[in-house]
$ cat run08.pdb   # PDB, C-alpha atoms
ATOM      1  CA  MET A   1     -61.725 -47.973  -5.996
ATOM      2  CA  ALA A   2     -58.847 -45.712  -7.002
ATOM      3  CA  ARG A   3     -55.085 -45.963  -6.555
ATOM      4  CA  PHE A   4     -52.937 -43.353  -4.827
ATOM      5  CA  MET A   5     -49.318 -42.484  -4.064
ATOM      6  CA  ASP A   6     -48.660 -40.314  -1.053
ATOM      7  CA  VAL A   7     -45.315 -38.854  -0.127
ATOM      8  CA  HIS A   8     -43.859 -38.079   3.298
ATOM      9  CA  SER A   9     -40.747 -36.082   4.138
ATOM     10  CA  GLY A  10     -38.624 -35.913   7.293
ATOM     11  CA  PHE A  11     -38.059 -39.647   7.845
ATOM     12  CA  VAL A  12     -34.260 -39.241   7.844
ATOM     13  CA  GLY A  13     -32.523 -42.131   9.597
ATOM     14  CA  VAL A  14     -35.722 -44.114  10.168
ATOM     15  CA  THR A  15     -35.124 -47.878  10.363
ATOM     16  CA  ALA A  16     -36.901 -50.736   8.615
ATOM     17  CA  GLN A  17     -38.471 -51.735  11.936
ATOM     18  CA  GLN A  18     -39.773 -48.221  12.583
ATOM     19  CA  LEU A  19     -41.287 -48.064   9.087
ATOM     20  CA  GLN A  20     -42.885 -51.473   9.622
ATOM     21  CA  GLU A  21     -44.418 -50.292  12.896
ATOM     22  CA  ALA A  22     -45.767 -47.126  11.260
ATOM     23  CA  HIS A  23     -47.203 -49.202   8.399
ATOM     24  CA  GLU A  24     -48.879 -51.567  10.865
ATOM     25  CA  ARG A  25     -50.608 -48.626  12.537
ATOM     26  CA  ASP A  26     -52.151 -47.846   9.128
ATOM     27  CA  LEU A  27     -53.097 -51.480   8.498
ATOM     28  CA  ALA A  28     -54.797 -51.728  11.893
ATOM     29  CA  ILE A  29     -57.410 -49.074  11.029
ATOM     30  CA  GLU A  30     -57.434 -48.788   7.214
ATOM     31  CA  GLY A  31     -60.482 -51.035   6.844
ATOM     32  CA  GLU A  32     -62.642 -48.466   8.594
ATOM     33  CA  GLU A  33     -62.256 -46.214   5.512
ATOM     34  CA  ALA A  34     -62.059 -49.013   2.873
ATOM     35  CA  VAL A  35     -58.409 -48.025   2.319
ATOM     36  CA  HIS A  36     -55.543 -50.470   1.804
ATOM     37  CA  PHE A  37     -51.873 -49.551   1.982
ATOM     38  CA  GLU A  38     -50.209 -52.010  -0.398
ATOM     39  CA  ARG A  39     -46.549 -51.095  -0.073
ATOM     40  CA  ALA A  40     -44.348 -48.352   1.338
ATOM     41  CA  TRP A  41     -40.750 -47.500   0.442
ATOM     42  CA  LEU A  42     -38.255 -45.450   2.460
ATOM     43  CA  ASP A  43     -35.137 -43.521   1.516
ATOM     44  CA  PRO A  44     -33.626 -42.972   4.980
ATOM     45  CA  GLU A  45     -30.951 -40.670   3.547
ATOM     46  CA  SER A  46     -33.349 -38.023   2.152
ATOM     47  CA  GLY A  47     -36.156 -38.952   4.560
ATOM     48  CA  LYS A  48     -38.724 -39.553   1.796
ATOM     49  CA  VAL A  49     -41.416 -42.222   2.128
ATOM     50  CA  PHE A  50     -43.704 -43.283  -0.748
ATOM     51  CA  CYS A  51     -46.929 -45.143   0.099
ATOM     52  CA  LEU A  52     -48.973 -46.929  -2.570
ATOM     53  CA  SER A  53     -52.606 -47.431  -1.614
ATOM     54  CA  THR A  54     -56.114 -48.072  -2.859
ATOM     55  CA  GLY A  55     -59.224 -46.431  -1.480
ATOM     56  CA  PRO A  56     -62.359 -44.458  -2.237
ATOM     57  CA  ASP A  57     -60.676 -41.027  -2.423
ATOM     58  CA  LYS A  58     -57.644 -38.995  -1.320
ATOM     59  CA  ALA A  59     -59.337 -37.733   1.829
ATOM     60  CA  ALA A  60     -59.928 -41.257   3.146
ATOM     61  CA  VAL A  61     -56.254 -42.187   2.651
ATOM     62  CA  MET A  62     -55.116 -39.007   4.385
ATOM     63  CA  ARG A  63     -57.476 -39.559   7.318
ATOM     64  CA  ILE A  64     -55.979 -43.012   7.987
ATOM     65  CA  HIS A  65     -52.422 -41.646   7.861
ATOM     66  CA  GLU A  66     -53.391 -38.786  10.164
ATOM     67  CA  ARG A  67     -55.061 -41.072  12.717
ATOM     68  CA  ALA A  68     -52.035 -43.428  12.561
ATOM     69  CA  GLY A  69     -49.780 -40.539  13.526
ATOM     70  CA  HIS A  70     -48.069 -39.688  10.231
ATOM     71  CA  PRO A  71     -50.152 -37.122   8.350
ATOM     72  CA  THR A  72     -49.177 -35.835   4.908
ATOM     73  CA  SER A  73     -50.708 -33.368   2.499
ATOM     74  CA  GLU A  74     -48.896 -34.672  -0.609
ATOM     75  CA  ILE A  75     -50.995 -37.278  -2.398
ATOM     76  CA  TYR A  76     -51.661 -38.133  -6.039
ATOM     77  CA  GLU A  77     -54.414 -40.172  -7.639
ATOM     78  CA  LEU A  78     -52.962 -42.629 -10.188
ATOM     79  CA  PRO A  79     -55.539 -43.675 -12.798
ATOM     80  CA  VAL A  80     -52.781 -44.883 -15.171
ATOM     81  CA  GLU A  81     -50.295 -47.686 -14.440
ATOM     82  CA  VAL A  82     -47.894 -49.480 -16.774
ATOM     83  CA  ALA A  83     -45.674 -52.492 -16.158
TER
ATOM     84  CA  MET B   1     -28.955 -54.460  -7.056
ATOM     85  CA  ALA B   2     -30.794 -51.545  -5.471
ATOM     86  CA  ARG B   3     -34.339 -50.236  -5.793
ATOM     87  CA  PHE B   4     -35.255 -46.696  -6.812
ATOM     88  CA  MET B   5     -38.224 -44.359  -7.217
ATOM     89  CA  ASP B   6     -37.877 -41.507  -9.655
ATOM     90  CA  VAL B   7     -40.374 -38.714 -10.097
ATOM     91  CA  HIS B   8     -41.269 -36.712 -13.208
ATOM     92  CA  SER B   9     -43.344 -33.539 -13.458
ATOM     93  CA  GLY B  10     -45.091 -31.914 -16.405
ATOM     94  CA  PHE B  11     -47.023 -34.925 -17.725
ATOM     95  CA  VAL B  12     -50.377 -33.112 -17.477
ATOM     96  CA  GLY B  13     -53.002 -34.667 -19.726
ATOM     97  CA  VAL B  14     -50.782 -37.551 -20.850
ATOM     98  CA  THR B  15     -52.763 -40.654 -21.837
ATOM     99  CA  ALA B  16     -52.285 -44.279 -20.821
ATOM    100  CA  GLN B  17     -51.074 -45.063 -24.344
ATOM    101  CA  GLN B  18     -48.510 -42.267 -24.270
ATOM    102  CA  LEU B  19     -47.207 -43.468 -20.889
ATOM    103  CA  GLN B  20     -47.009 -47.021 -22.208
ATOM    104  CA  GLU B  21     -45.006 -45.835 -25.225
ATOM    105  CA  ALA B  22     -42.622 -43.866 -23.010
ATOM    106  CA  HIS B  23     -42.217 -46.894 -20.725
ATOM    107  CA  GLU B  24     -41.459 -49.120 -23.703
ATOM    108  CA  ARG B  25     -38.672 -46.778 -24.789
ATOM    109  CA  ASP B  26     -37.102 -47.406 -21.363
ATOM    110  CA  LEU B  27     -37.649 -51.164 -21.561
ATOM    111  CA  ALA B  28     -36.019 -51.306 -24.998
ATOM    112  CA  ILE B  29     -32.633 -50.102 -23.699
ATOM    113  CA  GLU B  30     -32.656 -50.682 -19.927
ATOM    114  CA  GLY B  31     -30.723 -53.947 -20.189
ATOM    115  CA  GLU B  32     -27.666 -52.061 -21.433
ATOM    116  CA  GLU B  33     -27.303 -50.575 -17.929
ATOM    117  CA  ALA B  34     -28.665 -53.579 -15.937
ATOM    118  CA  VAL B  35     -31.674 -51.423 -15.035
ATOM    119  CA  HIS B  36     -35.289 -52.652 -14.935
ATOM    120  CA  PHE B  37     -38.314 -50.377 -14.749
ATOM    121  CA  GLU B  38     -40.896 -52.464 -12.879
ATOM    122  CA  ARG B  39     -43.902 -50.173 -12.854
ATOM    123  CA  ALA B  40     -44.834 -46.559 -13.536
ATOM    124  CA  TRP B  41     -47.844 -44.610 -12.327
ATOM    125  CA  LEU B  42     -49.294 -41.386 -13.729
ATOM    126  CA  ASP B  43     -51.472 -38.662 -12.270
ATOM    127  CA  PRO B  44     -52.510 -36.845 -15.469
ATOM    128  CA  GLU B  45     -54.155 -34.065 -13.438
ATOM    129  CA  SER B  46     -51.002 -32.907 -11.626
ATOM    130  CA  GLY B  47     -48.655 -34.285 -14.288
ATOM    131  CA  LYS B  48     -46.647 -36.420 -11.827
ATOM    132  CA  VAL B  49     -45.153 -39.760 -12.849
ATOM    133  CA  PHE B  50     -43.573 -42.214 -10.379
ATOM    134  CA  CYS B  51     -41.268 -44.927 -11.735
ATOM    135  CA  LEU B  52     -40.188 -47.899  -9.615
ATOM    136  CA  SER B  53     -36.979 -49.540 -10.816
ATOM    137  CA  THR B  54     -34.040 -51.716  -9.895
ATOM    138  CA  GLY B  55     -30.486 -51.139 -11.020
ATOM    139  CA  PRO B  56     -26.867 -50.724  -9.992
ATOM    140  CA  ASP B  57     -27.121 -47.030  -9.005
ATOM    141  CA  LYS B  58     -29.102 -43.807  -9.493
ATOM    142  CA  ALA B  59     -26.927 -42.634 -12.373
ATOM    143  CA  ALA B  60     -27.676 -45.739 -14.444
ATOM    144  CA  VAL B  61     -31.436 -45.284 -14.002
ATOM    145  CA  MET B  62     -31.206 -41.616 -14.944
ATOM    146  CA  ARG B  63     -29.111 -42.378 -18.033
ATOM    147  CA  ILE B  64     -31.778 -44.776 -19.359
ATOM    148  CA  HIS B  65     -34.548 -42.213 -18.796
ATOM    149  CA  GLU B  66     -32.463 -39.514 -20.468
ATOM    150  CA  ARG B  67     -31.686 -41.652 -23.526
ATOM    151  CA  ALA B  68     -35.380 -42.636 -23.755
ATOM    152  CA  GLY B  69     -36.323 -38.973 -23.964
ATOM    153  CA  HIS B  70     -37.716 -38.277 -20.484
ATOM    154  CA  PRO B  71     -34.892 -37.165 -18.201
ATOM    155  CA  THR B  72     -35.443 -36.393 -14.525
ATOM    156  CA  SER B  73     -33.186 -35.273 -11.712
ATOM    157  CA  GLU B  74     -35.487 -36.436  -8.871
ATOM    158  CA  ILE B  75     -34.628 -39.964  -7.789
ATOM    159  CA  TYR B  76     -34.492 -41.770  -4.449
ATOM    160  CA  GLU B  77     -32.805 -44.997  -3.438
ATOM    161  CA  LEU B  78     -35.180 -47.202  -1.428
ATOM    162  CA  PRO B  79     -33.333 -49.697   0.770
ATOM    163  CA  VAL B  80     -36.430 -50.248   2.941
ATOM    164  CA  GLU B  81     -39.770 -51.647   1.751
ATOM    165  CA  VAL B  82     -42.766 -52.842   3.742
ATOM    166  CA  ALA B  83     -45.964 -54.565   2.609
TER
END
$ encode --input "run08.pdb" --output "C-alpha coordinates"
Amino acid sequence: MARFMDVHSGFVGVTAQQLQEAHERDLAIEGEEAVHFERAWLDPESGKVFCLSTGPDKAAVMRIHERAGHPTSEIYELPVEVA
Amino acid sequence: MARFMDVHSGFVGVTAQQLQEAHERDLAIEGEEAVHFERAWLDPESGKVFCLSTGPDKAAVMRIHERAGHPTSEIYELPVEVA
(Lines of atoms letter the chains of each structure in order from A and count residues from 1; the text may use other names and numbers.)
(Lines give C-alpha, C1' and ligand atoms only; values in the text may rest on other atoms or scores of the structure.)
Protein backbone atom coordinates (compact mmCIF):
# COMPACT_ATOMS: atom_id res chain seq x y z
CA MET A 1 0.00 0.00 0.00
CA ALA A 2 1.39 3.40 -0.97
CA ARG A 3 0.76 6.91 0.33
CA PHE A 4 -0.41 9.82 -1.80
CA MET A 5 -1.09 13.56 -1.65
CA ASP A 6 -3.56 14.97 -4.13
CA VAL A 7 -4.25 18.64 -4.64
CA HIS A 8 -7.46 20.39 -5.67
CA SER A 9 -7.94 23.99 -6.74
CA GLY A 10 -11.05 26.18 -6.94
CA PHE A 11 -12.44 25.58 -3.44
CA VAL A 12 -12.48 29.31 -2.64
CA GLY A 13 -14.90 30.13 0.18
CA VAL A 14 -15.79 26.50 0.89
CA THR A 15 -16.84 25.91 4.51
CA ALA A 16 -15.71 23.27 6.99
CA GLN A 17 -19.12 21.59 6.69
CA GLN A 18 -18.92 21.47 2.89
CA LEU A 19 -15.42 19.95 3.06
CA GLN A 20 -16.65 17.39 5.59
CA GLU A 21 -19.52 16.43 3.30
CA ALA A 22 -17.17 16.07 0.32
CA HIS A 23 -14.80 13.95 2.43
CA GLU A 24 -17.67 11.72 3.54
CA ARG A 25 -18.58 11.05 -0.08
CA ASP A 26 -15.04 9.70 -0.52
CA LEU A 27 -15.20 7.65 2.68
CA ALA A 28 -18.51 6.08 1.63
CA ILE A 29 -16.98 4.39 -1.44
CA GLU A 30 -13.20 4.32 -0.86
CA GLY A 31 -13.23 0.71 0.35
CA GLU A 32 -14.29 -0.48 -3.09
CA GLU A 33 -10.80 0.47 -4.36
CA ALA A 34 -8.86 -0.31 -1.12
CA VAL A 35 -8.23 3.44 -0.78
CA HIS A 36 -8.37 5.39 2.49
CA PHE A 37 -8.47 9.17 2.73
CA GLU A 38 -6.76 9.90 6.05
CA ARG A 39 -6.99 13.67 6.27
CA ALA A 40 -7.83 16.66 4.11
CA TRP A 41 -6.89 20.31 4.63
CA LEU A 42 -8.49 23.39 3.06
CA ASP A 43 -7.25 26.92 2.46
CA PRO A 44 -10.55 28.65 1.65
CA GLU A 45 -8.73 31.85 0.67
CA SER A 46 -6.70 30.35 -2.21
CA GLY A 47 -9.15 27.48 -2.76
CA LYS A 48 -6.51 24.75 -2.38
CA VAL A 49 -7.33 21.38 -0.83
CA PHE A 50 -4.69 18.77 0.09
CA CYS A 51 -5.82 15.16 0.62
CA LEU A 52 -3.55 12.57 2.23
CA SER A 53 -4.46 8.99 1.35
CA THR A 54 -3.27 5.42 1.13
CA GLY A 55 -4.14 3.02 -1.66
CA PRO A 56 -2.85 0.63 -4.28
CA ASP A 57 -1.96 3.28 -6.89
CA LYS A 58 -2.69 6.83 -8.07
CA ALA A 59 -5.42 5.73 -10.47
CA ALA A 60 -7.47 4.13 -7.69
CA VAL A 61 -7.32 7.31 -5.58
CA MET A 62 -8.34 9.44 -8.55
CA ARG A 63 -11.23 7.14 -9.43
CA ILE A 64 -12.71 7.52 -5.92
CA HIS A 65 -12.41 11.32 -6.05
CA GLU A 66 -13.98 11.37 -9.51
CA ARG A 67 -16.92 9.17 -8.49
CA ALA A 68 -17.40 11.31 -5.33
CA GLY A 69 -17.77 14.38 -7.52
CA HIS A 70 -14.43 16.15 -7.04
CA PRO A 71 -11.95 14.89 -9.64
CA THR A 72 -8.34 16.09 -9.76
CA SER A 73 -5.39 15.31 -11.97
CA GLU A 74 -2.72 16.51 -9.51
CA ILE A 75 -1.49 13.64 -7.36
CA TYR A 76 1.89 12.61 -5.96
CA GLU A 77 3.09 9.30 -4.57
CA LEU A 78 4.97 9.83 -1.28
CA PRO A 79 7.37 6.96 -0.53
CA VAL A 80 9.32 9.11 1.97
CA GLU A 81 7.89 10.63 5.17
CA VAL A 82 9.68 12.27 8.09
CA ALA A 83 8.33 13.47 11.42
CA MET B 1 -1.56 29.08 16.40
CA ALA B 2 -2.39 28.30 12.78
CA ARG B 3 -1.66 25.32 10.54
CA PHE B 4 0.16 25.51 7.21
CA MET B 5 1.18 23.40 4.23
CA ASP B 6 4.18 24.52 2.24
CA VAL B 7 5.32 23.00 -1.02
CA HIS B 8 8.83 22.66 -2.45
CA SER B 9 9.86 21.66 -5.97
CA GLY B 10 13.15 20.39 -7.35
CA PHE B 11 13.83 17.57 -4.88
CA VAL B 12 14.11 14.96 -7.65
CA GLY B 13 16.05 11.90 -6.52
CA VAL B 14 16.42 13.07 -2.92
CA THR B 15 16.76 10.19 -0.45
CA ALA B 16 14.94 9.56 2.83
CA GLN B 17 18.15 10.34 4.71
CA GLN B 18 18.62 13.64 2.91
CA LEU B 19 15.01 14.63 3.67
CA GLN B 20 15.49 13.67 7.31
CA GLU B 21 18.63 15.83 7.50
CA ALA B 22 16.83 18.79 5.93
CA HIS B 23 13.91 18.32 8.34
CA GLU B 24 16.29 18.24 11.30
CA ARG B 25 17.77 21.57 10.24
CA ASP B 26 14.24 23.00 10.55
CA LEU B 27 13.61 21.30 13.89
CA ALA B 28 16.87 22.68 15.30
CA ILE B 29 15.76 26.32 14.95
CA GLU B 30 11.95 26.26 14.63
CA GLY B 31 11.41 27.07 18.31
CA GLU B 32 12.94 30.51 17.79
CA GLU B 33 9.85 31.45 15.75
CA ALA B 34 7.28 29.30 17.66
CA VAL B 35 6.99 27.14 14.53
CA HIS B 36 6.74 23.33 14.52
CA PHE B 37 7.17 21.17 11.44
CA GLU B 38 4.98 18.14 12.15
CA ARG B 39 5.57 16.00 9.09
CA ALA B 40 7.07 16.20 5.62
CA TRP B 41 6.44 13.99 2.61
CA LEU B 42 8.57 13.56 -0.50
CA ASP B 43 7.84 12.39 -4.02
CA PRO B 44 11.40 11.85 -5.31
CA GLU B 45 10.10 11.23 -8.84
CA SER B 46 8.48 14.65 -9.34
CA GLY B 47 10.68 16.35 -6.74
CA LYS B 48 7.74 17.69 -4.70
CA VAL B 49 7.94 18.03 -0.92
CA PHE B 50 4.93 18.87 1.29
CA CYS B 51 5.56 20.17 4.81
CA LEU B 52 2.79 20.35 7.42
CA SER B 53 3.49 22.84 10.20
CA THR B 54 2.00 25.00 12.92
CA GLY B 55 3.10 28.51 13.74
CA PRO B 56 2.07 32.11 14.25
CA ASP B 57 1.94 33.05 10.54
CA LYS B 58 3.20 32.15 7.05
CA ALA B 59 6.20 34.48 7.29
CA ALA B 60 7.54 32.73 10.39
CA VAL B 61 7.35 29.31 8.70
CA MET B 62 9.08 30.63 5.59
CA ARG B 63 11.84 32.27 7.64
CA ILE B 64 12.69 28.94 9.32
CA HIS B 65 12.81 27.13 5.97
CA GLU B 66 14.97 29.88 4.49
CA ARG B 67 17.44 29.84 7.39
CA ALA B 68 17.58 26.02 7.21
CA GLY B 69 18.63 26.25 3.58
CA HIS B 70 15.45 25.27 1.72
CA PRO B 71 13.37 28.39 1.06
CA THR B 72 9.98 28.24 -0.64
CA SER B 73 7.42 30.84 -1.60
CA GLU B 74 4.47 28.40 -1.88
CA ILE B 75 2.60 28.16 1.41
CA TYR B 76 -1.07 27.85 2.37
CA GLU B 77 -2.83 28.49 5.65
CA LEU B 78 -5.20 25.63 6.50
CA PRO B 79 -7.96 26.69 8.89
CA VAL B 80 -10.09 23.66 7.96
CA GLU B 81 -9.13 20.01 8.48
CA VAL B 82 -11.23 16.87 8.21
CA ALA B 83 -10.40 13.25 9.06
$ closest_residue --input "run08.pdb" --among "B:Ser9, B:Ser46, B:Gln20, B:Thr15" --to "Ile75 (chain A)" --atoms "all atoms listed in the file"
B:Ser46
$ residues_around --input "run08.pdb" --residues "Gly31 (chain A)" --least-positions-apart "3" --cutoff "12 Å" --atoms "only C-alpha atoms" --output "list in words"
Arg25, Asp26, Leu27, Ala28, Ala34, Val35, His36, Phe37, Thr54, Gly55, Pro56, Ala60, Val61, Arg63 and Ile64 of chain A
$ write_last_selection --input "run08.pdb" --atoms "C-alpha atoms" --output "mmCIF file, keeping the file's coordinate frame"
data_model
loop_
_atom_site.group_PDB
_atom_site.id
_atom_site.type_symbol
_atom_site.label_atom_id
_atom_site.label_comp_id
_atom_site.auth_asym_id
_atom_site.auth_seq_id
_atom_site.Cartn_x
_atom_site.Cartn_y
_atom_site.Cartn_z
ATOM 1 C CA ARG A 25 -50.608 -48.626 12.537
ATOM 2 C CA ASP A 26 -52.151 -47.846 9.128
ATOM 3 C CA LEU A 27 -53.097 -51.480 8.498
ATOM 4 C CA ALA A 28 -54.797 -51.728 11.893
ATOM 5 C CA ALA A 34 -62.059 -49.013 2.873
ATOM 6 C CA VAL A 35 -58.409 -48.025 2.319
ATOM 7 C CA HIS A 36 -55.543 -50.470 1.804
ATOM 8 C CA PHE A 37 -51.873 -49.551 1.982
ATOM 9 C CA THR A 54 -56.114 -48.072 -2.859
ATOM 10 C CA GLY A 55 -59.224 -46.431 -1.480
ATOM 11 C CA PRO A 56 -62.359 -44.458 -2.237
ATOM 12 C CA ALA A 60 -59.928 -41.257 3.146
ATOM 13 C CA VAL A 61 -56.254 -42.187 2.651
ATOM 14 C CA ARG A 63 -57.476 -39.559 7.318
ATOM 15 C CA ILE A 64 -55.979 -43.012 7.987
#
$ closest_atom_pairs --input "run08.pdb" --of "chain B" --to "chain A" --cutoff "9 Å" --atoms "only C-alpha atoms" --output "CSV"
residue,atom,partner,partner_atom,distance
B:Phe4,CA,A:Asp43,CA,8.9
B:Met5,CA,A:Phe50,CA,8.5
B:Thr15,CA,A:Val80,CA,7.9
B:Ala16,CA,A:Val80,CA,5.7
B:Leu19,CA,A:Val82,CA,7.3
B:Gln20,CA,A:Val82,CA,6.0
B:His23,CA,A:Val82,CA,7.4
B:Phe37,CA,A:Ala83,CA,7.8
B:Glu38,CA,A:Ala83,CA,5.8
B:Arg39,CA,A:Ala83,CA,4.4
B:Ala40,CA,A:Val82,CA,5.3
B:Trp41,CA,A:Glu81,CA,4.5
B:Leu42,CA,A:Val80,CA,5.1
B:Asp43,CA,A:Leu78,CA,4.7
B:Pro44,CA,A:Leu78,CA,7.8
B:Glu45,CA,A:Glu77,CA,8.4
B:Ser46,CA,A:Tyr76,CA,7.7
B:Lys48,CA,A:Tyr76,CA,7.8
B:Val49,CA,A:Leu78,CA,8.7
B:Phe50,CA,A:Met5,CA,8.5
B:Tyr76,CA,A:Asp43,CA,6.3
B:Glu77,CA,A:Asp43,CA,5.7
B:Leu78,CA,A:Asp43,CA,4.7
B:Pro79,CA,A:Asp43,CA,6.5
B:Val80,CA,A:Leu42,CA,5.2
B:Glu81,CA,A:Trp41,CA,4.5
B:Val82,CA,A:Ala40,CA,5.3
B:Ala83,CA,A:Arg39,CA,4.4
$ closest_residue --input "run08.pdb" --among "B:Ser73, B:Glu66, B:His8, B:Glu30" --to "Ser53 (chain B)" --atoms "all atoms listed in the file"
B:Glu30
$ atom_distance --input "run08.pdb" --atom1 "CA of His65 (chain A)" --atom2 "CA of Ile29 (chain A)"
9.5 Å
$ atom_distance --input "run08.pdb" --atom1 "CA of Pro71 (chain B)" --atom2 "CA of Ala2 (chain A)"
27.8 Å
$ atom_distance --input "run08.pdb" --atom1 "CA of His70 (chain A)" --atom2 "CA of Phe11 (chain A)"
10.3 Å
$ decode --input "run08.pdb" --residues "region 54-69 of chain A" --atoms "all heavy atoms" --output "short mmCIF file (atom, residue, chain, number, x, y, z; two decimals), in the first residue's frame"
data_model
loop_
_atom_site.label_atom_id
_atom_site.label_comp_id
_atom_site.auth_asym_id
_atom_site.auth_seq_id
_atom_site.Cartn_x
_atom_site.Cartn_y
_atom_site.Cartn_z
N THR A 54 -4.01 6.63 1.45
CA THR A 54 -3.27 5.42 1.13
C THR A 54 -4.10 4.63 0.13
O THR A 54 -5.33 4.78 0.07
CB THR A 54 -3.03 4.54 2.38
OG1 THR A 54 -4.29 4.28 3.01
CG2 THR A 54 -2.11 5.23 3.37
N GLY A 55 -3.42 3.81 -0.66
CA GLY A 55 -4.14 3.02 -1.66
C GLY A 55 -3.18 2.25 -2.52
O GLY A 55 -1.96 2.37 -2.36
N PRO A 56 -3.72 1.47 -3.45
CA PRO A 56 -2.85 0.63 -4.28
C PRO A 56 -2.07 1.41 -5.33
O PRO A 56 -0.95 1.04 -5.68
CB PRO A 56 -3.82 -0.37 -4.92
CG PRO A 56 -5.16 0.29 -4.85
CD PRO A 56 -5.15 1.16 -3.64
N ASP A 57 -2.66 2.48 -5.87
CA ASP A 57 -1.96 3.28 -6.89
C ASP A 57 -2.72 4.61 -7.09
O ASP A 57 -3.83 4.79 -6.59
CB ASP A 57 -1.81 2.51 -8.21
CG ASP A 57 -3.13 1.99 -8.74
OD1 ASP A 57 -4.16 2.69 -8.60
OD2 ASP A 57 -3.14 0.88 -9.30
N LYS A 58 -2.08 5.52 -7.84
CA LYS A 58 -2.69 6.83 -8.07
C LYS A 58 -4.06 6.73 -8.74
O LYS A 58 -4.98 7.47 -8.40
CB LYS A 58 -1.78 7.67 -9.00
CG LYS A 58 -0.48 8.13 -8.38
CD LYS A 58 0.33 8.93 -9.43
CE LYS A 58 1.69 9.31 -8.89
NZ LYS A 58 2.51 10.01 -9.92
N ALA A 59 -4.17 5.83 -9.70
CA ALA A 59 -5.42 5.73 -10.47
C ALA A 59 -6.59 5.38 -9.57
O ALA A 59 -7.70 5.91 -9.75
CB ALA A 59 -5.26 4.70 -11.58
N ALA A 60 -6.38 4.52 -8.60
CA ALA A 60 -7.47 4.13 -7.69
C ALA A 60 -7.92 5.33 -6.86
O ALA A 60 -9.13 5.56 -6.68
CB ALA A 60 -7.00 2.99 -6.78
N VAL A 61 -6.96 6.11 -6.36
CA VAL A 61 -7.32 7.31 -5.58
C VAL A 61 -8.12 8.28 -6.45
O VAL A 61 -9.15 8.81 -6.03
CB VAL A 61 -6.03 7.99 -5.05
CG1 VAL A 61 -6.37 9.30 -4.35
CG2 VAL A 61 -5.28 7.06 -4.11
N MET A 62 -7.66 8.50 -7.66
CA MET A 62 -8.34 9.44 -8.55
C MET A 62 -9.73 8.96 -8.94
O MET A 62 -10.65 9.76 -9.08
CB MET A 62 -7.46 9.71 -9.77
CG MET A 62 -6.26 10.58 -9.40
SD MET A 62 -5.36 11.24 -10.82
CE MET A 62 -4.61 9.74 -11.46
N ARG A 63 -9.89 7.65 -9.10
CA ARG A 63 -11.23 7.14 -9.43
C ARG A 63 -12.23 7.42 -8.30
O ARG A 63 -13.39 7.77 -8.55
CB ARG A 63 -11.18 5.63 -9.72
CG ARG A 63 -10.74 5.31 -11.14
CD ARG A 63 -11.01 3.83 -11.49
NE ARG A 63 -10.30 2.89 -10.65
CZ ARG A 63 -9.07 2.43 -10.91
NH1 ARG A 63 -8.42 2.80 -12.00
NH2 ARG A 63 -8.50 1.57 -10.09
N ILE A 64 -11.80 7.25 -7.04
CA ILE A 64 -12.71 7.52 -5.92
C ILE A 64 -13.10 8.99 -5.91
O ILE A 64 -14.28 9.35 -5.78
CB ILE A 64 -12.06 7.10 -4.58
CG1 ILE A 64 -11.83 5.59 -4.53
CG2 ILE A 64 -12.93 7.57 -3.40
CD1 ILE A 64 -13.09 4.75 -4.59
N HIS A 65 -12.10 9.88 -6.04
CA HIS A 65 -12.41 11.32 -6.05
C HIS A 65 -13.36 11.67 -7.20
O HIS A 65 -14.25 12.50 -7.04
CB HIS A 65 -11.11 12.12 -6.21
CG HIS A 65 -10.48 12.54 -4.93
ND1 HIS A 65 -11.12 12.56 -3.72
CD2 HIS A 65 -9.22 13.02 -4.69
CE1 HIS A 65 -10.29 13.03 -2.79
NE2 HIS A 65 -9.14 13.29 -3.34
N GLU A 66 -13.13 11.05 -8.35
CA GLU A 66 -13.98 11.37 -9.51
C GLU A 66 -15.42 10.91 -9.26
O GLU A 66 -16.37 11.67 -9.49
CB GLU A 66 -13.40 10.70 -10.76
CG GLU A 66 -14.15 11.09 -12.02
CD GLU A 66 -13.44 10.60 -13.28
OE1 GLU A 66 -12.39 9.92 -13.17
OE2 GLU A 66 -13.96 10.89 -14.37
N ARG A 67 -15.57 9.69 -8.74
CA ARG A 67 -16.92 9.17 -8.49
C ARG A 67 -17.61 9.97 -7.38
O ARG A 67 -18.83 10.06 -7.34
CB ARG A 67 -16.84 7.69 -8.09
CG ARG A 67 -16.48 6.77 -9.25
CD ARG A 67 -16.30 5.34 -8.77
NE ARG A 67 -17.45 4.87 -8.01
CZ ARG A 67 -17.43 3.87 -7.13
NH1 ARG A 67 -16.29 3.22 -6.88
NH2 ARG A 67 -18.53 3.52 -6.49
N ALA A 68 -16.82 10.52 -6.44
CA ALA A 68 -17.40 11.31 -5.33
C ALA A 68 -17.73 12.73 -5.77
O ALA A 68 -18.28 13.51 -4.98
CB ALA A 68 -16.44 11.32 -4.15
N GLY A 69 -17.36 13.08 -7.00
CA GLY A 69 -17.77 14.38 -7.52
C GLY A 69 -16.73 15.48 -7.45
O GLY A 69 -17.03 16.63 -7.74
#
